[in-house]
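Structure file my_file03.txt (compact mmCIF, C-alpha atoms) is printed below.
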# COMPACT_ATOMS: atom_id res chain seq x y z
CA MET G 1 92.58 61.66 165.49
CA ALA G 2 91.40 65.18 166.25
CA ARG G 3 93.96 67.22 168.13
CA GLU G 4 93.05 69.02 171.31
CA VAL G 5 93.11 72.73 170.55
CA LYS G 6 93.41 75.52 173.11
CA ILE G 7 93.41 79.20 172.22
CA TYR G 8 94.50 82.02 174.54
CA THR G 9 92.80 85.32 173.66
CA THR G 10 91.95 88.84 174.78
CA PRO G 11 88.52 90.34 174.07
CA THR G 12 89.87 93.24 171.99
CA CYS G 13 92.32 91.31 169.81
CA PRO G 14 91.25 91.23 166.15
CA TYR G 15 93.65 88.40 165.26
CA CYS G 16 92.09 86.25 167.98
CA LYS G 17 88.69 86.76 166.36
CA MET G 18 90.12 85.84 162.95
CA ALA G 19 91.69 82.69 164.37
CA LYS G 20 88.46 81.66 166.12
CA LYS G 21 86.43 82.30 162.99
CA PHE G 22 88.85 80.14 161.01
CA LEU G 23 88.52 77.31 163.53
CA ASP G 24 84.71 77.66 163.59
CA ASP G 25 84.47 77.71 159.80
CA ASN G 26 86.53 74.55 159.62
CA GLY G 27 84.57 72.77 162.33
CA VAL G 28 87.53 72.58 164.70
CA LYS G 29 86.53 72.31 168.35
CA TYR G 30 88.63 74.34 170.75
CA GLN G 31 88.83 75.63 174.29
CA GLU G 32 89.10 79.41 174.61
CA LEU G 33 90.93 81.03 177.53
CA ASP G 34 90.43 84.77 177.97
CA ILE G 35 93.66 85.90 179.60
CA GLY G 36 92.15 89.32 180.31
CA LYS G 37 89.89 87.65 182.89
CA ASP G 38 91.61 84.39 183.71
CA LYS G 39 94.79 85.04 185.67
CA THR G 40 95.73 81.37 185.87
CA ALA G 41 95.50 81.04 182.09
CA ARG G 42 97.62 84.17 181.68
CA GLU G 43 100.38 82.72 183.84
CA GLU G 44 100.09 79.36 182.09
CA MET G 45 100.53 80.99 178.68
CA LYS G 46 103.56 82.92 179.92
CA THR G 47 105.32 80.11 181.74
CA LYS G 48 104.29 76.96 179.89
CA TYR G 49 104.48 78.36 176.35
CA ASN G 50 106.80 81.33 176.96
CA SER G 51 104.44 83.53 174.95
CA LEU G 52 103.54 87.13 175.64
CA THR G 53 101.25 87.68 172.69
CA VAL G 54 97.79 86.56 171.65
CA PRO G 55 96.43 84.57 170.01
CA THR G 56 98.56 81.71 171.28
CA ILE G 57 97.15 78.48 169.91
CA CYS G 58 98.17 75.15 171.41
CA PHE G 59 97.82 71.68 169.92
CA ASP G 60 98.76 68.99 172.41
CA SER G 61 102.43 69.85 172.88
CA GLU G 62 102.88 72.16 169.87
CA VAL G 63 102.22 75.86 169.94
CA LEU G 64 101.52 78.51 167.31
CA VAL G 65 101.86 82.18 168.21
CA GLY G 66 99.80 84.69 166.22
CA PHE G 67 97.24 83.99 163.50
CA ASN G 68 98.75 82.55 160.35
CA GLU G 69 96.18 80.72 158.25
CA ALA G 70 98.70 78.70 156.25
CA GLU G 71 100.52 77.47 159.37
CA LEU G 72 97.26 76.71 161.12
CA ARG G 73 96.09 74.62 158.16
CA LYS G 74 99.33 72.67 158.27
CA LYS G 75 99.10 71.96 161.99
CA LEU G 76 95.48 70.84 161.70
CA GLY G 77 96.01 68.89 158.50
CA LEU G 78 93.30 70.85 156.66
CA MET D 1 97.89 85.47 131.10
CA TYR D 2 95.41 87.40 133.23
CA GLU D 3 94.22 90.80 132.14
CA LEU D 4 94.70 92.21 135.63
CA ILE D 5 96.48 91.19 138.82
CA ILE D 6 95.59 93.05 142.01
CA ILE D 7 98.20 92.67 144.73
CA GLY D 8 96.70 93.17 148.19
CA GLY D 9 93.35 92.22 149.72
CA GLY D 10 92.52 95.24 151.86
CA PRO D 11 89.81 97.82 151.19
CA ALA D 12 91.56 99.18 148.06
CA GLY D 13 92.35 95.77 146.53
CA MET D 14 88.91 94.28 147.19
CA THR D 15 87.08 97.31 145.79
CA ALA D 16 89.32 97.21 142.71
CA ALA D 17 88.38 93.52 142.32
CA VAL D 18 84.65 94.28 142.33
CA TYR D 19 85.06 97.04 139.75
CA ALA D 20 87.29 94.82 137.60
CA ALA D 21 84.73 92.01 137.77
CA ARG D 22 81.96 94.35 136.66
CA LYS D 23 84.09 95.21 133.63
CA LYS D 24 84.50 91.46 133.03
CA LEU D 25 88.24 91.63 133.35
CA ASN D 26 89.92 88.28 133.87
CA THR D 27 91.40 89.15 137.26
CA LEU D 28 93.59 87.57 139.91
CA LEU D 29 93.59 88.96 143.44
CA LEU D 30 96.77 87.92 145.22
CA SER D 31 97.04 88.64 148.90
CA TYR D 32 98.51 87.49 152.14
CA ASP D 33 95.22 88.10 153.92
CA ILE D 34 91.71 89.30 153.23
CA GLY D 35 90.98 92.60 154.93
CA GLY D 36 94.46 94.04 155.36
CA GLN D 37 94.68 96.88 157.84
CA GLY D 38 90.87 96.94 157.95
CA LEU D 39 91.10 93.83 160.14
CA THR D 40 93.04 95.55 162.86
CA THR D 41 90.68 98.49 163.15
CA TRP D 42 88.47 97.97 166.14
CA LEU D 43 85.45 100.17 165.49
CA VAL D 44 84.81 102.03 162.24
CA GLU D 45 82.48 104.99 162.60
CA ASN D 46 83.15 106.79 159.33
CA TYR D 47 82.48 104.30 156.57
CA MET D 48 79.28 105.54 154.97
CA GLY D 49 76.26 103.30 155.30
CA TYR D 50 77.26 102.10 158.77
CA GLN D 51 77.02 104.26 161.88
CA PHE D 52 79.54 101.92 163.42
CA ILE D 53 80.87 98.53 162.43
CA GLU D 54 83.84 96.44 163.52
CA GLY D 55 86.67 96.61 160.99
CA ARG D 56 86.73 92.83 160.77
CA GLU D 57 83.00 92.64 160.02
CA LEU D 58 83.24 95.35 157.35
CA MET D 59 86.07 93.42 155.69
CA GLN D 60 83.94 90.26 155.72
CA LYS D 61 81.26 92.16 153.86
CA PHE D 62 83.84 93.37 151.32
CA ASP D 63 84.99 89.75 150.88
CA GLU D 64 81.43 88.53 150.30
CA GLN D 65 81.00 91.21 147.67
CA VAL D 66 84.16 90.08 145.84
CA LYS D 67 82.96 86.47 145.97
CA GLN D 68 79.84 87.42 144.02
CA PHE D 69 82.02 87.30 140.91
CA PRO D 70 83.71 83.89 141.08
CA THR D 71 84.14 83.53 137.32
CA ASP D 72 85.90 86.84 136.79
CA VAL D 73 87.99 87.16 139.93
CA LYS D 74 90.22 84.36 141.14
CA VAL D 75 91.39 84.91 144.71
CA GLU D 76 94.68 83.47 145.98
CA VAL D 77 95.12 83.99 149.72
CA SER D 78 98.14 83.32 151.96
CA ARG D 79 100.47 84.37 149.15
CA ARG D 80 102.90 87.22 149.54
CA ALA D 81 104.06 88.78 146.28
CA GLU D 82 107.85 88.66 146.34
CA ARG D 83 108.88 89.97 142.97
CA LEU D 84 107.28 92.03 140.24
CA SER D 85 108.99 92.29 136.89
CA ARG D 86 108.16 93.34 133.38
CA VAL D 87 107.73 90.60 130.79
CA ASP D 88 106.69 90.63 127.15
CA GLY D 89 103.15 92.04 127.01
CA GLY D 90 102.85 92.90 130.69
CA PHE D 91 104.10 91.91 134.14
CA GLU D 92 105.03 88.83 136.10
CA VAL D 93 104.42 88.43 139.82
CA ARG D 94 106.25 85.78 141.79
CA ALA D 95 104.69 84.71 145.09
CA ASP D 96 106.55 83.43 148.15
CA SER D 97 105.11 79.99 147.35
CA GLY D 98 107.27 80.00 144.20
CA GLU D 99 104.33 80.26 141.80
CA THR D 100 104.39 82.91 139.09
CA TYR D 101 101.47 84.76 137.56
CA GLN D 102 101.36 87.02 134.54
CA ALA D 103 99.03 89.87 133.59
CA LYS D 104 98.76 92.73 131.14
CA ALA D 105 98.13 95.21 133.96
CA VAL D 106 98.78 95.31 137.70
CA ILE D 107 97.25 97.26 140.59
CA LEU D 108 99.40 97.48 143.70
CA ALA D 109 97.24 97.81 146.83
CA THR D 110 99.54 96.46 149.52
CA GLY D 111 98.87 99.07 152.20
CA LYS D 112 101.14 99.77 155.12
CA ARG D 113 102.63 97.86 158.02
CA PRO D 114 103.81 98.89 161.50
CA ARG D 115 107.18 100.63 161.50
CA GLN D 116 109.87 98.86 163.49
CA LEU D 117 112.49 100.42 165.73
CA ASN D 118 115.33 98.40 164.18
CA VAL D 119 117.25 98.07 167.42
CA PRO D 120 118.97 94.99 168.87
CA GLY D 121 116.55 92.73 170.74
CA GLU D 122 113.42 93.87 168.91
CA LYS D 123 113.19 90.92 166.52
CA GLU D 124 114.50 88.38 169.00
CA LEU D 125 111.95 89.33 171.68
CA LEU D 126 108.93 89.79 169.41
CA GLY D 127 105.98 88.07 171.09
CA ARG D 128 108.07 87.83 174.25
CA GLY D 129 107.36 91.30 175.50
CA VAL D 130 107.80 93.27 172.28
CA THR D 131 104.45 93.94 170.62
CA TYR D 132 102.98 96.09 167.86
CA CYS D 133 99.38 95.49 168.91
CA ALA D 134 98.56 97.18 172.20
CA ILE D 135 94.85 96.36 172.00
CA CYS D 136 95.75 92.66 171.57
CA ASP D 137 98.40 92.13 174.18
CA GLY D 138 97.71 94.87 176.76
CA PRO D 139 96.02 92.62 179.35
CA LEU D 140 99.09 90.35 179.47
CA PHE D 141 101.06 93.08 181.15
CA ALA D 142 98.82 93.54 184.18
CA ASP D 143 100.88 94.78 187.14
CA VAL D 144 104.10 94.86 185.10
CA LYS D 145 106.17 97.93 184.17
CA VAL D 146 106.00 98.68 180.45
CA ALA D 147 107.38 101.15 177.92
CA VAL D 148 105.36 102.67 175.10
CA ILE D 149 107.52 103.97 172.25
CA GLY D 150 106.20 106.81 170.09
CA GLY D 151 104.63 110.23 170.38
CA GLY D 152 101.60 110.16 168.08
CA ASN D 153 97.98 109.21 168.59
CA SER D 154 98.49 105.46 168.56
CA ALA D 155 101.23 105.72 171.22
CA LEU D 156 99.02 107.95 173.37
CA GLU D 157 96.08 105.56 173.00
CA ALA D 158 98.34 102.70 174.07
CA VAL D 159 99.43 104.79 177.09
CA ASP D 160 95.81 105.47 177.97
CA ASP D 161 95.03 101.74 177.87
CA MET D 162 98.16 100.68 179.72
CA VAL D 163 98.08 103.13 182.65
CA LYS D 164 94.90 101.34 183.72
CA ILE D 165 96.46 97.88 183.47
CA ALA D 166 100.20 98.12 184.10
CA ASP D 167 102.07 98.92 187.27
CA HIS D 168 103.93 101.81 185.64
CA VAL D 169 104.18 103.16 182.09
CA TYR D 170 107.18 104.91 180.52
CA LEU D 171 106.43 106.86 177.37
CA VAL D 172 109.54 107.29 175.22
CA SER D 173 109.36 109.61 172.22
CA LEU D 174 112.00 110.84 169.78
CA THR D 175 110.10 114.09 169.35
CA PRO D 176 107.75 116.28 171.39
CA LEU D 177 104.31 114.64 171.52
CA THR D 178 102.54 115.03 168.19
CA GLY D 179 99.18 113.43 168.99
CA ASP D 180 95.85 115.19 169.55
CA GLN D 181 95.82 117.50 172.59
CA ILE D 182 92.83 115.69 174.07
CA LEU D 183 94.84 112.45 174.17
CA ILE D 184 97.95 114.19 175.53
CA ASP D 185 95.94 115.73 178.40
CA LYS D 186 94.30 112.41 179.18
CA ALA D 187 97.62 110.56 179.26
CA LYS D 188 99.35 113.20 181.38
CA SER D 189 96.68 112.99 184.08
CA ALA D 190 97.79 109.44 185.01
CA ASN D 191 99.94 109.22 188.12
CA ASN D 192 101.78 106.05 187.06
CA LEU D 193 103.24 107.56 183.87
CA THR D 194 106.75 108.90 183.28
CA ILE D 195 107.45 110.68 180.00
CA PHE D 196 110.84 110.82 178.26
CA LEU D 197 110.73 113.28 175.38
CA GLU D 198 113.50 113.50 172.78
CA TYR D 199 114.92 110.17 173.81
CA GLU D 200 115.88 107.37 171.46
CA VAL D 201 115.69 103.65 172.15
CA LEU D 202 119.10 101.98 171.83
CA GLU D 203 118.28 98.37 172.64
CA ILE D 204 115.77 95.99 174.13
CA ASN D 205 117.27 93.58 176.63
CA GLY D 206 116.28 90.18 177.92
CA GLU D 207 117.11 86.50 177.62
CA SER D 208 113.87 84.70 176.90
CA ARG D 209 111.65 87.71 177.66
CA VAL D 210 111.92 91.47 177.73
CA GLU D 211 113.67 92.59 180.91
CA GLY D 212 114.48 96.21 180.10
CA ILE D 213 115.35 98.85 177.54
CA LYS D 214 118.21 101.26 177.16
CA ILE D 215 117.34 104.80 176.07
CA ARG D 216 119.46 107.90 175.36
CA ASP D 217 118.73 111.61 175.68
CA LEU D 218 119.21 113.14 172.21
CA GLN D 219 120.63 116.37 173.68
CA SER D 220 122.86 115.32 176.58
CA LYS D 221 123.63 111.84 175.18
CA GLN D 222 123.07 110.50 178.66
CA GLU D 223 121.89 106.88 178.72
CA LYS D 224 119.26 105.37 181.01
CA GLU D 225 118.11 101.83 181.67
CA LEU D 226 114.45 101.17 182.33
CA ASP D 227 113.30 97.88 183.90
CA VAL D 228 110.24 96.89 181.89
CA GLY D 229 108.57 93.62 181.01
CA GLY D 230 106.81 94.91 177.92
CA VAL D 231 107.60 97.22 175.02
CA PHE D 232 104.75 98.59 172.91
CA VAL D 233 106.12 99.93 169.63
CA GLU D 234 103.73 102.56 168.24
CA ILE D 235 105.85 104.62 165.86
CA GLY D 236 103.62 104.75 162.85
CA LEU D 237 103.37 102.83 159.62
CA ILE D 238 105.49 102.31 156.53
CA PRO D 239 104.23 101.52 153.03
CA ASN D 240 104.63 98.01 151.64
CA SER D 241 106.33 99.33 148.51
CA ASP D 242 109.62 97.35 148.54
CA LEU D 243 108.28 95.19 145.75
CA VAL D 244 108.21 98.06 143.25
CA LYS D 245 110.98 100.41 144.37
CA GLU D 246 112.97 99.71 141.21
CA LEU D 247 109.98 99.91 138.89
CA VAL D 248 108.45 103.26 139.87
CA THR D 249 109.12 106.48 141.75
CA LEU D 250 108.59 106.50 145.51
CA ASN D 251 108.24 109.70 147.53
CA ARG D 252 110.30 110.48 150.65
CA LEU D 253 107.88 108.43 152.76
CA ALA D 254 108.44 105.47 150.38
CA GLU D 255 104.87 105.75 149.07
CA VAL D 256 104.21 105.05 145.39
CA GLU D 257 103.68 108.32 143.52
CA VAL D 258 100.40 108.25 141.59
CA ASN D 259 98.48 110.82 139.57
CA CYS D 260 94.76 111.45 139.98
CA GLY D 261 94.06 108.45 137.73
CA ASN D 262 96.13 106.10 139.93
CA GLU D 263 98.75 105.82 137.21
CA THR D 264 102.41 105.41 138.12
CA GLY D 265 105.37 106.14 135.86
CA ALA D 266 105.15 102.60 134.42
CA PRO D 267 102.41 102.08 131.80
CA GLY D 268 99.99 99.33 132.87
CA PHE D 269 101.06 99.55 136.49
CA PHE D 270 98.59 101.26 138.84
CA ALA D 271 98.50 101.74 142.60
CA ALA D 272 95.74 102.45 145.12
CA GLY D 273 95.16 102.93 148.82
CA ASP D 274 97.55 103.47 151.71
CA VAL D 275 100.63 102.39 149.75
CA THR D 276 100.28 105.48 147.54
CA SER D 277 101.09 109.17 147.90
CA VAL D 278 97.39 110.05 148.11
CA PRO D 279 96.97 111.99 151.38
CA ASP D 280 94.85 110.67 154.26
CA LYS D 281 94.72 106.97 154.95
CA GLN D 282 91.11 105.99 155.50
CA ILE D 283 89.06 102.92 154.56
CA VAL D 284 86.58 105.01 152.59
CA ILE D 285 89.41 106.72 150.68
CA ALA D 286 91.23 103.45 149.98
CA ALA D 287 88.02 101.92 148.66
CA GLY D 288 87.42 104.89 146.35
CA GLU D 289 90.99 104.78 145.11
CA GLY D 290 90.67 101.05 144.41
CA ALA D 291 87.60 101.73 142.28
CA LYS D 292 89.41 104.48 140.36
CA ALA D 293 92.45 102.29 139.74
CA ALA D 294 90.33 99.43 138.34
CA LEU D 295 88.45 101.76 136.01
CA GLN D 296 91.72 103.28 134.83
CA ALA D 297 93.22 99.81 134.31
CA HIS D 298 90.15 98.89 132.26
CA ARG D 299 90.70 101.95 130.03
CA TYR D 300 94.35 101.00 129.63
CA LEU D 301 93.43 97.43 128.62
CA GLN D 302 90.87 98.72 126.11
CA ARG D 303 93.55 100.91 124.52
CA LEU D 304 95.93 97.94 124.38
CA SER D 305 93.45 95.77 122.52
CA LYS D 306 92.79 98.40 119.83

Entire entry expressed as structure tokens:
Amino acid sequence: MAREVKIYTTPTCPYCKMAKKFLDDNGVKYQELDIGKDKTAREEMKTKYNSLTVPTICFDSEVLVGFNEAELRKKLGL
Amino acid sequence: MYELIIIGGGPAGMTAAVYAARKKLNTLLLSYDIGGQGLTTWLVENYMGYQFIEGRELMQKFDEQVKQFPTDVKVEVSRRAERLSRVDGGFEVRADSGETYQAKAVILATGKRPRQLNVPGEKELLGRGVTYCAICDGPLFADVKVAVIGGGNSALEAVDDMVKIADHVYLVSLTPLTGDQILIDKAKSANNLTIFLEYEVLEINGESRVEGIKIRDLQSKQEKELDVGGVFVEIGLIPNSDLVKELVTLNRLAEVEVNCGNETGAPGFFAAGDVTSVPDKQIVIAAGEGAKAALQAHRYLQRLSK
């Protein structure tokens, strides 16, 4: 079953763009939350996932901080 | 055995790969990522042929150009070279995945990485308030007090970004500010900035997130605690040369010493780009150096086969 993927980003972050491109290229659907604009998402990322860096990528209950292609492949079973 | 292994997939490594392919060298490009430091450059305005282009987009174009030669260049991504040793007839590279690869010649093009402070708390709180990418994480620290560490252009650029976002910014530098005057003037005009010059960072504190830093005046030895929720480390770059420190000579900056033909002291082992002693670290220079290294490696391989 496809996992629900959420990605917290900022508009200027190059690693966020790399992560999104990877997800797009692999046909993974995701929800993007721009924490530069969305204050609620920013607080959610800080409190729920205890992360202060982007990209923070969430799969159901698991979370991956930063863009690491190998780890991302593993989590998505690609 | 390959004829050539290129370690590193930034501008130098990818250009070397294209030149190697055009010489029909059986080549392996081994890299952790494709694009290297080129990926973290926001806008490039000095790579000829483009008035401006995003670093990431330029690196994609490099990658496409490498992929034009699928039969000559094999690309292995997500592999970090862990060990390089001499073997009979050439070199052996061991990757972090455990695989080993052998080649008659090697080009090292591993670039540089952000320098770390090496103080307690830095590693533990990475991604929890400690960051090396101000343009990535800046917006997270809206209305929080932050510290920027460093005195060069990248530190001053981070200050310029953060004074607009954060509640207050402390700039902590070991030395007088060394960045461009235009950036210094711009930073100093902010009214929510406090500058500590000739101060060192002793530790970064916090349980699950950064809560503060301890700094010390180099002259008076007096210590100060600053309450901050974020620490932006912008103290320059160091070469990724650990892999070869026993094989070749490094200069005092730990860069690989090369001559004008990209040769090192070890026959068959070449280096190109930011990891080398060549002055000025620029995408256009790294690309040119990668081309030179591949042509020189080709000459070396021709001599070997005679």

Compute the chain G side of the contact with chain D at 10 Å, counting all atoms listed in the file, and hand it back as a PyMOL selection string.
chain G and resi 9-18+34-37+39+42-43+45-46+50-56+65-66+68-71

Restricted to C-alpha atoms, what would the selected residues look like written as a compact mmCIF listing (two decimals), in the coordinates of the input?
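To be explicit, this is the file written out as selection26.txt:
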# COMPACT_ATOMS: atom_id res chain seq x y z
CA THR G 9 92.80 85.32 173.66
CA THR G 10 91.95 88.84 174.78
CA PRO G 11 88.52 90.34 174.07
CA THR G 12 89.87 93.24 171.99
CA CYS G 13 92.32 91.31 169.81
CA PRO G 14 91.25 91.23 166.15
CA TYR G 15 93.65 88.40 165.26
CA CYS G 16 92.09 86.25 167.98
CA LYS G 17 88.69 86.76 166.36
CA MET G 18 90.12 85.84 162.95
CA ASP G 34 90.43 84.77 177.97
CA ILE G 35 93.66 85.90 179.60
CA GLY G 36 92.15 89.32 180.31
CA LYS G 37 89.89 87.65 182.89
CA LYS G 39 94.79 85.04 185.67
CA ARG G 42 97.62 84.17 181.68
CA GLU G 43 100.38 82.72 183.84
CA MET G 45 100.53 80.99 178.68
CA LYS G 46 103.56 82.92 179.92
CA ASN G 50 106.80 81.33 176.96
CA SER G 51 104.44 83.53 174.95
CA LEU G 52 103.54 87.13 175.64
CA THR G 53 101.25 87.68 172.69
CA VAL G 54 97.79 86.56 171.65
CA PRO G 55 96.43 84.57 170.01
CA THR G 56 98.56 81.71 171.28
CA VAL G 65 101.86 82.18 168.21
CA GLY G 66 99.80 84.69 166.22
CA ASN G 68 98.75 82.55 160.35
CA GLU G 69 96.18 80.72 158.25
CA ALA G 70 98.70 78.70 156.25
CA GLU G 71 100.52 77.47 159.37

If you take every atom of range 61-64 of chain G that the file lists and fit an axis-aligned box around them with 4 Å extra on each side, what centre and edge lengths come out in Å to one decimal, as lines of an AutoDock Vina configuration file?
center_x = 102.2
center_y = 74.2
center_z = 170.1
size_x = 9.4
size_y = 16.7
size_z = 13.6

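Counting only C-alpha atoms, the residue from D:Leu174, D:Asp280, D:Pro239, D:Gly268 that sits nearest to Leu304 in chain D is D:Gly268.
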
Can you list, as a ChimeraX atom specification, every protein, DNA or RNA residue that comes within 12 Å of Thr264 in chain D when you count only C-alpha atoms, leaving out same-chain residues fewer than 2 positions away?
/D:105-108,244-245,247-251,255-262,266-272,276-277,293,296-297

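Counting only C-alpha atoms, range 176-178 of chain D has the following residues at most 12 Å away, ignoring those fewer than 6 positions along the same chain: Ile149, Gly150, Gly151, Gly152, Asn153, Ser154, Ala155, Leu156, Ile184, Asp185, Ala187, Lys188, Ile195, Phe196, Leu197, Glu198, Tyr199, Leu218, Ile235 and Gly236 of chain D.
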
For Ala81 in chain D, which residue among D:Ser173, D:Gln181, D:Gln60, D:Ser241 is the nearest when counting all atoms listed in the file?
D:Ser241

Using all atoms listed in the file, which protein or nucleic acid residues come within 10 Å of Gly36 in chain D? Drop anything in the same chain fewer than 5 positions from it, and give the result as a VMD selection string.
chain D and resid 8 to 14 31 41 55 to 56 59 109 to 113

Contact residues around Ala95 in chain D with all atoms listed in the file at 9 Å, ignoring same-chain residues under 3 positions, as JSON, numbers by chain
{"D": [30, 79, 80, 81, 82, 83, 98, 99, 100, 101]}

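Relative to CA of Met1 in chain D, CA of Lys104 in chain D is found at 7.3 Å.
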
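Between CA of Leu72 in chain G and CA of Tyr8 in chain G the separation is 14.7 Å.
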
Residue with the minimum atom-to-atom distance to Ala294 in chain D, picked from D:Glu263, D:Asp160, D:Tyr170, D:Glu203 with all atoms listed in the file counted, is D:Glu263

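Between CA of Lys74 in chain D and CA of Phe62 in chain D lies a distance of 15.0 Å.
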
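Taking all atoms listed in the file into account, Val278 in chain D lies nearest to D:Leu253 out of the set D:Val146, D:Leu202, D:Val87, D:Leu253.
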
Excluding Leu76 in chain G and residues on its chain fewer than 5 positions from it, collect all residues at most 9 Å away from it, counting only C-alpha atoms, and give them as a ChimeraX atom specification.
/G:2-3,28,59,71

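Residue nearest Lys20 in chain G, chosen from G:Leu78, G:Ala41, G:Val63, G:Ile7 and counting only C-alpha atoms: G:Ile7.
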
With a cut-off of 10 Å, could you pull out the residues of range 119-158 of chain D touching range 220-227 of chain D and give me the nearest pair of atoms for each, distance in Å to one decimal, using only C-alpha atoms, ordered by chain and ascending number, as JSON lines?
{"residue": "D:Val144", "atom": "CA", "partner": "D:Asp227", "partner_atom": "CA", "distance": 9.8}
{"residue": "D:Lys145", "atom": "CA", "partner": "D:Asp227", "partner_atom": "CA", "distance": 7.1}
{"residue": "D:Val146", "atom": "CA", "partner": "D:Asp227", "partner_atom": "CA", "distance": 8.1}
{"residue": "D:Ala147", "atom": "CA", "partner": "D:Leu226", "partner_atom": "CA", "distance": 8.3}
